[in-house]
Amino acid sequence: MSDIPNPVATFIVGEIRRARGTSGMTQEAFGRAAGFSASHVSAVEGGTRALTSDFIRGADRALNNGGLFERLATKLGAPSWFLPWLDAERSATQLRYFEPNLIPGLLQVEHYARVVLRTVDSLTDDEVEQRVKGRMDRQTILTGERPPQFVAVLDEAALRRTGDDLGGIMAQQVAHLIALTELPHVHVHVIPLGSGLHVGLSGPFALARSAEGVWVGHLENQLGGDVVDKDDDVATLQARWESVRNEALPRRQSIDLLKEVESHHGPQ
């Protein structure tokens with residue numbers, strides 16, 4: 001579960017193992033009730049296999065605890081509506097992100113992520129810091145041994161956003177984007193302001209391709225987000241991806257624009 005800080009994931013796994021032991025269930029019996037093999041349960045409990053939202057929900061079913069562990073994961077890490085997408089993102093071989101207003105989470109620097117999360121005034125300071133840590137942990141998928149091909153299309157307006165809360169941060173954020181483009185598997189394209197209206201202004205979306213070649217999408221809104229997996233809906237998102245990608249500048253020109261925007265924001 002890549003948006004939950006590792007210590008939190010370890011804590012949840014420990015609590016699941018403890019509850020299983022208290023209930024008197026073997027790994028095999030627990031696995032049958034949760035929908036996983038005994039070897040899968042052993043690997044998760046031993047830390048050699050990632051904790052996923054499916055495993056957490058299976059544990060809640062097996063232990064008949066009213067969804068305790070999913071609530072715990074939500075409280076300490078990512079919102080529950082985001083967990084299925086994190087599973088798809090973590091195992092993806094290709095990722096596509098479009099953002100008209102913000103820098104995508106996988107590309108954010110810590111200070112920028114903190115400012116973005118603080119716009120949700122229902123979060124406490126501790127919750128903000130937990131989610132910042134989770135977001136930084138999540139970014140390790142871009143620097144692992146077998147990272148996905150990552151392509152992001154950003155609107156220039158998101159890069160030029162200013163304000164008292166962003167003082168000095170945007171220069172650092174844009175510099176980080178420029179540094180990431182030096183990775184062979186990371187591609188950042190910018191839609192220039194002069195492009196005017198385009199279909200992507202309806203909202204952000206993302207696409208992930210699994211190792212089996214299956215695409216799923218993700219949409220965020222003011223109330224949460226949804227994983228999109230119906231063929232027709234995924235096809236619509238793929239068509240819109242092609243549209244926004246065609247509005248964006250080529251790689252080299254996008255990097256030149258990023259450098260110009262960085263200088264516009266001044267020293268870091």
# chains A, B, ... in the order shown; residues from 1 in each chain; ligands from 1

$ residues_around --residues "region 103-114 of chain A" --least-positions-apart "5" --cutoff "9 Å" --atoms "only C-alpha atoms" --output "list in words"
Tyr97, Phe98, Thr119, Val128, Glu129, Arg131, Val132, Lys133, Arg135, Met136, Arg138, Gln139, Thr140, Ile141, Leu142, Ala152, Leu154, Ala158, Leu159, Leu166, Ile169, Met170, Gln172, Gln173, His176, Leu177 and Leu180 of chain A

$ closest_residue --among "A:Gly58, A:Pro184, A:Gly21, A:Gly194" --to "Ala34 (chain A)" --atoms "only C-alpha atoms"
A:Gly58

$ closest_residue --among "A:Ser254, A:Ser263, A:Thr236, A:Asn101" --to "Thr181 (chain A)" --atoms "only C-alpha atoms"
A:Ser254

$ closest_residue --among "A:Val227, A:Val186, A:Gly168, A:Val244" --to "His264 (chain A)" --atoms "only C-alpha atoms"
A:Gly168

$ select_by_dssp --residues "region 202-236 of chain A" --states "alpha helix (DSSP H)" --output "JSON, numbers by chain"
{"A": [231, 232, 233, 234, 235, 236]}

$ closest_residue --among "A:Ala206, A:Asp231, A:His198, A:Asp54" --to "Ser243 (chain A)" --atoms "only C-alpha atoms"
A:His198
